[in-house]
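*Asks:* I'm passing along input_8.cif; it holds mmCIF, C-alpha atoms.
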data_data
#
loop_
_atom_site.label_atom_id
_atom_site.label_comp_id
_atom_site.auth_asym_id
_atom_site.auth_seq_id
_atom_site.Cartn_x
_atom_site.Cartn_y
_atom_site.Cartn_z
CA MET A 12 -43.17 -85.01 1.02
CA SER A 13 -42.21 -81.43 1.23
CA THR A 14 -39.00 -80.46 -0.60
CA THR A 15 -38.67 -77.01 1.08
CA ALA A 16 -36.20 -76.93 3.92
CA SER A 17 -36.91 -74.93 7.05
CA SER A 18 -34.75 -71.99 8.07
CA SER A 19 -33.35 -73.97 10.96
CA ASP A 20 -31.98 -76.60 8.54
CA ILE A 21 -29.82 -74.12 6.49
CA THR A 22 -26.14 -74.18 7.38
CA PRO A 23 -24.29 -70.93 6.67
CA THR A 24 -21.45 -71.21 4.18
CA PRO A 25 -18.11 -69.36 4.54
CA THR A 26 -19.07 -67.10 1.65
CA MET A 27 -22.33 -66.09 3.25
CA THR A 28 -20.65 -65.46 6.55
CA THR A 29 -18.14 -63.10 4.98
CA LYS A 30 -20.86 -61.15 3.23
CA LEU A 31 -22.85 -60.68 6.40
CA GLU A 32 -19.81 -59.56 8.33
CA THR A 33 -18.76 -56.84 5.83
CA THR A 34 -22.17 -55.30 5.27
CA PRO A 35 -22.30 -52.91 8.33
CA THR A 36 -20.68 -49.46 7.83
CA GLN A 37 -17.56 -49.10 9.93
CA PRO A 38 -16.74 -45.72 11.50
CA ALA A 39 -13.71 -43.89 10.04
CA SER A 40 -10.59 -44.26 12.09
CA PRO A 41 -9.26 -41.21 13.99
CA VAL A 42 -6.08 -41.34 11.89
CA ALA A 43 -8.04 -41.12 8.61
CA VAL A 44 -10.17 -38.23 9.92
CA ALA A 45 -7.08 -36.33 11.06
CA ALA A 46 -5.39 -36.89 7.69
CA THR A 47 -8.45 -35.58 5.82
CA GLU A 48 -8.72 -32.49 8.03
CA GLU A 49 -5.02 -31.78 7.65
CA SER A 50 -5.28 -32.08 3.86
CA GLU A 51 -8.23 -29.65 3.75
CA THR A 52 -6.46 -27.17 6.03
CA THR A 53 -3.31 -27.30 3.90
CA ALA A 54 -5.31 -26.68 0.71
CA ALA A 55 -7.12 -23.74 2.29
CA ALA A 56 -3.85 -22.31 3.56
CA ALA A 57 -2.33 -22.61 0.09
CA ALA A 58 -5.32 -20.77 -1.37
CA ALA A 59 -4.88 -17.97 1.21
CA LYS A 60 -1.11 -17.69 0.73
CA PRO A 61 -0.11 -14.07 -0.04
CA GLU A 62 1.48 -13.19 -3.34
CA SER A 63 5.23 -12.74 -3.63
CA ALA A 64 6.47 -9.40 -2.26
CA LEU A 65 9.30 -9.44 -4.81
CA LYS A 66 6.72 -9.72 -7.59
CA SER A 67 4.96 -6.61 -6.27
CA PHE A 68 8.31 -4.79 -6.16
CA LEU A 69 9.27 -5.65 -9.76
CA ALA A 70 5.78 -5.01 -11.15
CA GLY A 71 5.67 -1.61 -9.45
CA GLY A 72 8.98 -0.66 -11.06
CA VAL A 73 7.70 -1.48 -14.54
CA GLY A 74 4.46 0.40 -13.89
CA GLY A 75 6.38 3.46 -12.70
CA ALA A 76 8.53 3.59 -15.80
CA CYS A 77 5.39 3.46 -17.96
CA CYS A 78 3.86 6.27 -15.90
CA VAL A 79 6.82 8.64 -16.37
CA LEU A 80 7.29 8.03 -20.08
CA VAL A 81 3.62 8.73 -20.80
CA GLY A 82 3.06 11.61 -18.39
CA HIS A 83 6.29 13.62 -18.14
CA PRO A 84 5.53 16.29 -20.79
CA LEU A 85 2.37 17.32 -18.92
CA ASP A 86 4.19 17.15 -15.60
CA LEU A 87 6.71 19.62 -17.02
CA VAL A 88 3.86 22.02 -17.86
CA LYS A 89 2.37 21.57 -14.38
CA VAL A 90 5.60 22.49 -12.58
CA ARG A 91 6.23 25.49 -14.84
CA MET A 92 2.72 26.82 -14.22
CA GLN A 93 3.07 26.31 -10.46
CA THR A 94 6.47 27.99 -10.13
CA MET A 95 5.70 30.91 -12.45
CA GLY A 96 2.77 31.85 -10.19
CA SER A 97 1.22 35.22 -10.96
CA ALA A 98 4.01 36.06 -13.43
CA GLY A 99 2.03 34.64 -16.30
CA GLY A 100 1.80 30.90 -15.73
CA ASN A 101 -1.82 30.99 -14.66
CA ASN A 102 -2.81 32.71 -17.91
CA SER A 103 -1.16 30.13 -20.16
CA SER A 104 -3.19 27.23 -21.47
CA VAL A 105 -1.93 23.70 -21.05
CA PHE A 106 -1.78 22.95 -24.75
CA GLY A 107 -0.46 26.41 -25.55
CA MET A 108 2.48 25.83 -23.22
CA LEU A 109 3.01 22.35 -24.66
CA SER A 110 3.10 23.64 -28.24
CA ASN A 111 5.34 26.55 -27.24
CA THR A 112 7.82 24.19 -25.56
CA LEU A 113 7.74 21.82 -28.53
CA ARG A 114 8.32 24.66 -30.97
CA LYS A 115 11.23 26.22 -29.06
CA GLU A 116 12.89 23.16 -27.53
CA GLY A 117 11.66 20.22 -29.58
CA ILE A 118 10.78 16.76 -28.26
CA ARG A 119 13.79 16.89 -25.96
CA GLY A 120 12.34 19.99 -24.31
CA LEU A 121 9.14 18.13 -23.44
CA TYR A 122 11.26 15.62 -21.52
CA ARG A 123 13.38 18.23 -19.74
CA GLY A 124 14.33 16.88 -16.30
CA VAL A 125 13.02 13.37 -17.09
CA SER A 126 16.28 11.68 -16.08
CA ALA A 127 15.69 12.36 -12.37
CA PRO A 128 12.16 10.88 -12.14
CA LEU A 129 12.97 8.06 -14.59
CA THR A 130 16.04 7.11 -12.56
CA ALA A 131 14.13 7.27 -9.30
CA VAL A 132 10.68 6.26 -10.51
CA SER A 133 11.31 2.56 -10.97
CA PRO A 134 12.59 2.07 -7.41
CA MET A 135 10.05 4.62 -6.16
CA PHE A 136 7.02 2.89 -7.68
CA ALA A 137 8.58 -0.47 -6.83
CA VAL A 138 8.77 0.61 -3.19
CA SER A 139 5.26 2.10 -3.40
CA PHE A 140 3.60 -1.09 -4.66
CA TRP A 141 5.75 -3.24 -2.37
CA SER A 142 4.77 -1.01 0.58
CA TYR A 143 1.12 -1.24 -0.44
CA ASP A 144 1.44 -5.02 -0.48
CA MET A 145 3.08 -4.95 2.98
CA GLY A 146 0.40 -2.54 4.17
CA GLN A 147 -2.30 -4.95 3.03
CA ARG A 148 -0.62 -7.77 4.94
CA ALA A 149 -0.33 -5.64 8.08
CA VAL A 150 -3.98 -4.60 7.88
CA GLN A 151 -5.01 -8.21 7.23
CA SER A 152 -3.03 -9.44 10.24
CA TYR A 153 -4.78 -6.86 12.39
CA GLY A 154 -8.17 -7.85 10.97
CA GLN A 155 -7.51 -11.55 11.67
CA TRP A 156 -6.46 -10.90 15.25
CA GLY A 157 -8.10 -13.46 17.54
CA MET A 158 -9.27 -15.73 14.71
CA SER A 159 -8.81 -19.50 14.92
CA ASP A 160 -6.43 -21.33 12.58
CA ASP A 161 -9.36 -22.54 10.49
CA GLU A 162 -10.71 -18.99 10.12
CA ARG A 163 -7.26 -17.68 9.18
CA ALA A 164 -6.99 -20.32 6.45
CA VAL A 165 -9.99 -18.80 4.61
CA PRO A 166 -9.02 -16.11 2.05
CA TYR A 167 -9.42 -12.67 3.65
CA ALA A 168 -11.16 -9.94 1.67
CA LEU A 169 -10.02 -6.43 2.61
CA SER A 170 -12.71 -3.82 3.13
CA MET A 171 -12.45 -0.43 1.41
CA LYS A 172 -11.39 1.13 4.72
CA GLU A 173 -8.56 -1.41 5.05
CA ILE A 174 -7.45 -0.82 1.45
CA CYS A 175 -7.24 2.93 2.14
CA MET A 176 -5.22 2.26 5.31
CA ALA A 177 -2.78 0.11 3.32
CA GLY A 178 -2.50 2.93 0.78
CA ALA A 179 -1.62 5.44 3.50
CA ILE A 180 1.10 3.10 4.82
CA SER A 181 2.64 2.86 1.35
CA ALA A 182 3.30 6.62 1.21
CA ILE A 183 5.72 6.64 4.14
CA PRO A 184 8.70 4.64 2.77
CA THR A 185 8.11 5.95 -0.76
CA THR A 186 8.75 9.52 0.37
CA GLY A 187 12.39 8.66 1.12
CA ILE A 188 12.97 8.31 -2.62
CA MET A 189 10.32 10.73 -3.83
CA ALA A 190 11.46 13.89 -1.99
CA PRO A 191 15.03 14.20 -3.38
CA SER A 192 13.95 13.07 -6.84
CA GLU A 193 11.22 15.72 -7.05
CA ARG A 194 13.57 18.38 -5.68
CA ILE A 195 16.02 17.78 -8.54
CA LYS A 196 13.26 17.41 -11.14
CA CYS A 197 11.62 20.70 -10.16
CA LEU A 198 14.92 22.59 -10.15
CA LEU A 199 15.79 21.37 -13.65
CA GLN A 200 12.33 22.20 -14.99
CA VAL A 201 12.36 25.71 -13.50
CA GLN A 202 15.89 26.22 -14.82
CA ALA A 203 14.50 25.61 -18.30
CA ASN A 204 12.11 28.54 -17.71
CA GLU A 205 15.03 30.83 -16.90
CA VAL A 206 17.05 29.68 -19.91
CA GLU A 207 14.04 30.34 -22.15
CA LYS A 208 13.99 33.94 -20.87
CA GLY A 209 17.68 34.36 -21.67
CA GLY A 210 19.13 33.28 -18.33
CA LYS A 211 22.11 31.01 -17.80
CA ALA A 212 21.77 27.36 -16.81
CA ARG A 213 23.23 26.50 -13.39
CA TYR A 214 23.13 22.73 -13.80
CA SER A 215 24.17 20.56 -16.73
CA GLY A 216 22.01 17.63 -15.71
CA MET A 217 20.61 15.49 -12.92
CA MET A 218 23.89 14.50 -11.25
CA ASP A 219 25.30 18.02 -11.51
CA CYS A 220 22.12 19.37 -9.93
CA ALA A 221 22.32 16.86 -7.06
CA ARG A 222 25.99 17.72 -6.43
CA GLY A 223 25.21 21.45 -6.51
CA VAL A 224 22.31 21.13 -4.07
CA ILE A 225 24.39 19.08 -1.62
CA LYS A 226 27.34 21.45 -1.92
CA GLU A 227 25.12 24.46 -1.28
CA GLY A 228 23.04 23.17 1.62
CA GLY A 229 24.24 19.71 2.58
CA ILE A 230 22.43 16.40 2.26
CA GLN A 231 19.44 17.84 4.17
CA SER A 232 18.94 20.33 1.33
CA LEU A 233 18.33 17.39 -1.01
CA TYR A 234 15.40 16.42 1.23
CA LYS A 235 13.94 19.90 1.34
CA GLY A 236 10.17 19.62 1.06
CA THR A 237 9.88 16.14 2.59
CA VAL A 238 7.08 17.18 4.96
CA ALA A 239 5.16 18.73 2.07
CA THR A 240 5.70 15.56 0.05
CA LEU A 241 4.22 13.47 2.88
CA ALA A 242 1.32 15.93 3.22
CA ARG A 243 0.61 15.38 -0.47
CA ASP A 244 1.23 11.65 -0.70
CA ILE A 245 -0.53 10.23 2.36
CA PRO A 246 -4.02 11.50 1.38
CA GLY A 247 -3.07 11.07 -2.28
CA THR A 248 -2.26 7.36 -1.97
CA ILE A 249 -5.41 6.77 0.06
CA ALA A 250 -7.41 8.14 -2.89
CA TYR A 251 -5.08 6.43 -5.40
CA PHE A 252 -5.32 2.82 -4.24
CA GLY A 253 -8.85 3.18 -2.90
CA MET A 254 -10.22 4.44 -6.22
CA TYR A 255 -8.25 1.86 -8.22
CA GLU A 256 -9.44 -1.17 -6.26
CA PHE A 257 -13.04 0.06 -6.15
CA ALA A 258 -13.27 1.03 -9.83
CA LYS A 259 -11.48 -2.08 -11.08
CA LYS A 260 -13.77 -4.45 -9.19
CA GLU A 261 -16.94 -2.67 -10.23
CA LEU A 262 -15.88 -2.50 -13.89
CA MET A 263 -14.93 -6.19 -13.91
CA ARG A 264 -18.32 -7.10 -12.45
CA LEU A 265 -20.03 -5.09 -15.21
CA GLN A 266 -18.04 -7.16 -17.73
CA GLY A 267 -19.13 -10.41 -16.08
CA ILE A 268 -15.65 -11.15 -14.71
CA ASP A 269 -15.19 -12.32 -11.12
CA PRO A 270 -12.76 -9.79 -9.54
CA GLU A 271 -12.04 -12.13 -6.61
CA LYS A 272 -10.83 -14.97 -8.82
CA LYS A 273 -7.05 -15.07 -8.98
CA GLY A 274 -5.55 -14.64 -12.42
CA GLN A 275 -8.50 -12.72 -13.89
CA LEU A 276 -7.46 -9.55 -15.74
CA SER A 277 -9.47 -7.06 -17.78
CA PRO A 278 -7.30 -4.51 -19.66
CA VAL A 279 -10.29 -2.17 -20.09
CA ALA A 280 -11.04 -2.23 -16.36
CA VAL A 281 -7.38 -1.78 -15.42
CA LEU A 282 -6.82 1.16 -17.81
CA THR A 283 -10.02 2.94 -16.77
CA ALA A 284 -9.55 2.31 -13.05
CA GLY A 285 -5.89 3.33 -13.24
CA GLY A 286 -6.77 6.60 -14.98
CA LEU A 287 -9.49 7.39 -12.45
CA ALA A 288 -7.11 6.56 -9.60
CA GLY A 289 -4.55 9.04 -10.90
CA MET A 290 -7.15 11.78 -11.20
CA ALA A 291 -8.43 11.10 -7.68
CA CYS A 292 -4.89 11.22 -6.31
CA TRP A 293 -4.09 14.60 -7.89
CA THR A 294 -7.44 16.15 -7.02
CA VAL A 295 -6.69 15.45 -3.36
CA GLY A 296 -2.97 16.17 -3.47
CA ILE A 297 -2.63 19.25 -5.71
CA PRO A 298 -2.70 21.93 -2.93
CA ALA A 299 0.21 20.28 -1.08
CA ASP A 300 1.99 19.74 -4.41
CA VAL A 301 1.82 23.47 -5.23
CA ILE A 302 3.33 24.32 -1.84
CA LYS A 303 6.00 21.64 -2.29
CA SER A 304 7.01 22.90 -5.74
CA ARG A 305 7.27 26.51 -4.54
CA TYR A 306 9.29 25.52 -1.49
CA GLN A 307 11.66 23.16 -3.31
CA THR A 308 12.50 25.63 -6.07
CA ALA A 309 12.78 28.77 -3.91
CA PRO A 310 16.24 30.22 -3.13
CA GLU A 311 17.65 29.22 0.24
CA GLY A 312 16.27 31.43 2.99
CA LYS A 313 13.27 32.78 1.09
CA TYR A 314 10.82 30.75 3.17
CA SER A 315 11.14 29.57 6.75
CA GLY A 316 9.01 26.50 6.04
CA ILE A 317 5.95 25.17 4.25
CA VAL A 318 3.60 27.20 6.48
CA ASP A 319 5.40 30.35 5.35
CA VAL A 320 4.98 29.25 1.73
CA TYR A 321 1.27 28.72 2.32
CA ARG A 322 0.78 32.15 3.85
CA ALA A 323 2.67 33.91 1.07
CA LEU A 324 0.75 31.99 -1.58
CA ILE A 325 -2.66 32.84 -0.12
CA LYS A 326 -1.66 36.48 0.30
CA GLU A 327 -0.45 36.85 -3.31
CA GLU A 328 -2.86 34.61 -5.23
CA GLY A 329 -5.71 33.66 -2.93
CA TYR A 330 -6.99 30.13 -2.34
CA ALA A 331 -7.24 29.56 -6.08
CA GLY A 332 -3.43 29.56 -6.10
CA LEU A 333 -3.48 26.25 -4.25
CA PHE A 334 -4.93 24.64 -7.37
CA THR A 335 -2.45 26.09 -9.85
CA GLY A 336 -1.48 23.42 -12.36
CA ILE A 337 -4.48 21.19 -11.69
CA ARG A 338 -5.45 21.14 -15.39
CA PRO A 339 -2.21 19.61 -16.67
CA ALA A 340 -2.04 17.41 -13.57
CA LEU A 341 -5.46 15.87 -14.27
CA ILE A 342 -4.91 15.66 -18.04
CA ARG A 343 -1.61 13.88 -17.36
CA ALA A 344 -3.00 11.72 -14.55
CA PHE A 345 -5.39 9.64 -16.62
CA PRO A 346 -3.09 8.32 -19.40
CA ALA A 347 0.01 8.15 -17.19
CA ASN A 348 -1.62 6.13 -14.42
CA ALA A 349 -3.62 4.02 -16.84
CA ALA A 350 -0.27 3.02 -18.36
CA CYS A 351 1.21 2.54 -14.88
CA PHE A 352 -1.44 0.12 -13.64
CA LEU A 353 -1.62 -1.79 -16.92
CA GLY A 354 2.16 -2.23 -16.90
CA MET A 355 2.00 -3.31 -13.26
CA GLU A 356 -0.86 -5.79 -13.71
CA VAL A 357 0.61 -7.36 -16.85
CA THR A 358 3.98 -7.76 -15.12
CA ARG A 359 2.30 -9.36 -12.09
CA LYS A 360 0.57 -11.81 -14.39
CA VAL A 361 3.81 -12.63 -16.24
CA LEU A 362 5.63 -13.12 -12.90
CA GLY A 363 2.84 -15.31 -11.47
CA PHE A 364 5.29 -18.21 -11.18
CA MET A 365 7.01 -16.36 -8.31
CA ASP A 366 4.08 -16.93 -5.90
#
When written as structure tokens, how does the structure in this file appear?
*Replies:*
Amino acid sequence: MSTTASSSDITPTPTMTTKLETTPTQPASPVAVAATEESETTAAAAAAKPESALKSFLAGGVGGACCVLVGHPLDLVKVRMQTMGSAGGNNSSVFGMLSNTLRKEGIRGLYRGVSAPLTAVSPMFAVSFWSYDMGQRAVQSYGQWGMSDDERAVPYALSMKEICMAGAISAIPTTGIMAPSERIKCLLQVQANEVEKGGKARYSGMMDCARGVIKEGGIQSLYKGTVATLARDIPGTIAYFGMYEFAKKELMRLQGIDPEKKGQLSPVAVLTAGGLAGMACWTVGIPADVIKSRYQTAPEGKYSGIVDVYRALIKEEGYAGLFTGIRPALIRAFPANAACFLGMEVTRKVLGFMD
């Protein structure tokens, strides 16, 4: 007698029935799919969230203070060479003028007129880096025009053209602080030239200079040279931020550091890129800076405008006169802007909690 039962004789048990019923794969419910998609979209949006604008503002202020403290002595030499013109400034060496100033006026002489830029430079650089941040956001919004929500959630990488556009935007609000500050700074530095020759000082300091300028020509006199400042700073900031972003990324890649990864910082790359950015800025902006310095320090009524300054300069000194002071400007630009960008980047990293 056979002891093997046929398949028709087997009665399914409850346990077997349960197992057979749970084996097939069930499709995910619409609610679960929606929840998963929403979670992924939120994570992507968080990754693409822009950095704090206040952080950019504060970091820029710290960077600006570093820039002035490192670079002011050479800026003093630059302005003196530009305003002396053919009266001997062009024949003086940068280091000869530095040593002469140090010998006659001491360390304090090297920082003549520093109160004006130092007082204005923190808000000025703060506004500059904040404006650059806002410019990047504006350019990004334009670049994402017409994209879907999913495409907008992906981190957006600015092209070099867009970075330069953001740099140009940053120059416009910065000029509102830059123009009066540079007017006072240049007047105090040129006054030091006159005192050295035996002349009498007109101003006792920054505030006295500002009051004197306003009393003499009104508040508009304080903003004398604004157009020349814009003519210098718009192309200058294009070169400034464009060179910095390009050089920093390339140098970080050479070091094996991912420049797109948030939180990555290479001091060597930042210092080098910052120095190169400063030199690029001044190479582009020095002709307009010469005209600005001459116009801002000239007696009222000497020139009818910046075009008149340009014509007189070319007539007296030729086109080479447009590059007067480029040596101290470039020598100053590297260390000053290296310090500026390092101070800015370190501050941004310290204030990372603000994002």
*Asks:* So which residues get picked by the PyMOL selection byres ((chain A and resi 188-200) around 7) here, written as a list in words?
*Replies:*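 Expected selection for the PyMOL selection byres ((chain A and resi 188-200) around 7) here is Leu87, Val90, Arg91, Arg123, Gly124, Ala127, Pro128, Ala131, Met135, Thr185, Thr186, Gly187, Val201, Gln202, Ala203, Asn204, Met217, Cys220, Ala221, Leu233, Tyr234, Gly236, Thr237, Thr240, Ser304, Gln307 and Thr308 of chain A.
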*Asks:* Please provide as a ChimeraX atom specification all residues within 8 Å of Ala349 (chain A), with the sequence filter that same-chain residues fewer than 6 positions apart are discarded (counting all atoms listed in the file).
*Replies:* /A:78,281-286,289
*Asks:* If you keep C-alpha atoms, can you produce a file of those selected residues as an mmCIF file, in the frame of the given file?
*Replies:*
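Saved file result.cif follows:
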data_model
loop_
_atom_site.group_PDB
_atom_site.id
_atom_site.type_symbol
_atom_site.label_atom_id
_atom_site.label_comp_id
_atom_site.auth_asym_id
_atom_site.auth_seq_id
_atom_site.Cartn_x
_atom_site.Cartn_y
_atom_site.Cartn_z
ATOM 1 C CA CYS A 78 3.860 6.270 -15.900
ATOM 2 C CA VAL A 281 -7.380 -1.780 -15.420
ATOM 3 C CA LEU A 282 -6.820 1.160 -17.810
ATOM 4 C CA THR A 283 -10.020 2.940 -16.770
ATOM 5 C CA ALA A 284 -9.550 2.310 -13.050
ATOM 6 C CA GLY A 285 -5.890 3.330 -13.240
ATOM 7 C CA GLY A 286 -6.770 6.600 -14.980
ATOM 8 C CA GLY A 289 -4.550 9.040 -10.900
#
*Asks:* Can you pull out the residues contacting region 292-303 of chain A? Cut-off 7 Å, using all atoms listed in the file, and skip same-chain residues under 3 positions away; I want them as a tab-separated table (two decimals) with C-alpha atoms, in the frame of the given file.
*Replies:*
chain	number	residue	atom	x	y	z
A	93	GLN	CA	3.07	26.31	-10.46
A	236	GLY	CA	10.17	19.62	1.06
A	239	ALA	CA	5.16	18.73	2.07
A	240	THR	CA	5.70	15.56	0.05
A	242	ALA	CA	1.32	15.93	3.22
A	243	ARG	CA	0.61	15.38	-0.47
A	244	ASP	CA	1.23	11.65	-0.70
A	246	PRO	CA	-4.02	11.50	1.38
A	247	GLY	CA	-3.07	11.07	-2.28
A	248	THR	CA	-2.26	7.36	-1.97
A	250	ALA	CA	-7.41	8.14	-2.89
A	251	TYR	CA	-5.08	6.43	-5.40
A	288	ALA	CA	-7.11	6.56	-9.60
A	289	GLY	CA	-4.55	9.04	-10.90
A	306	TYR	CA	9.29	25.52	-1.49
A	307	GLN	CA	11.66	23.16	-3.31
A	317	ILE	CA	5.95	25.17	4.25
A	320	VAL	CA	4.98	29.25	1.73
A	321	TYR	CA	1.27	28.72	2.32
A	333	LEU	CA	-3.48	26.25	-4.25
A	334	PHE	CA	-4.93	24.64	-7.37
A	335	THR	CA	-2.45	26.09	-9.85
A	337	ILE	CA	-4.48	21.19	-11.69
A	340	ALA	CA	-2.04	17.41	-13.57
A	341	LEU	CA	-5.46	15.87	-14.27
*Asks:* Have a look at CA of Ala344 (chain A) and CA of Val132 (chain A) and let me know their distance in Å, one decimal.
*Replies:*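 Pair CA of Ala344 (chain A) / CA of Val132 (chain A) returns 15.3 Å.
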*Asks:* Could you tell me, as a PyMOL selection string, exactly which residues end up selected when the PyMOL selection byres ((chain A and resi 256-258) around 8) is applied to this structure?
*Replies:* chain A and resi 171+174+252-255+259-262+280+283-284+287
*Asks:* For Gly316 (chain A), which of A:Ser181, A:Lys235, A:Phe68, A:Gly74 is the closest residue, counting only C-alpha atoms?
*Replies:*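 Answer, going by the shortest atom-to-atom distance: A:Lys235.
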*Asks:* May I have the residues at most 12 Å from (11.8, 21.5, -26.5) in the file's coordinates, counting all atoms listed in the file, as a PyMOL selection string?
*Replies:* chain A and resi 84+87-88+108-124+200+203-204+206-207
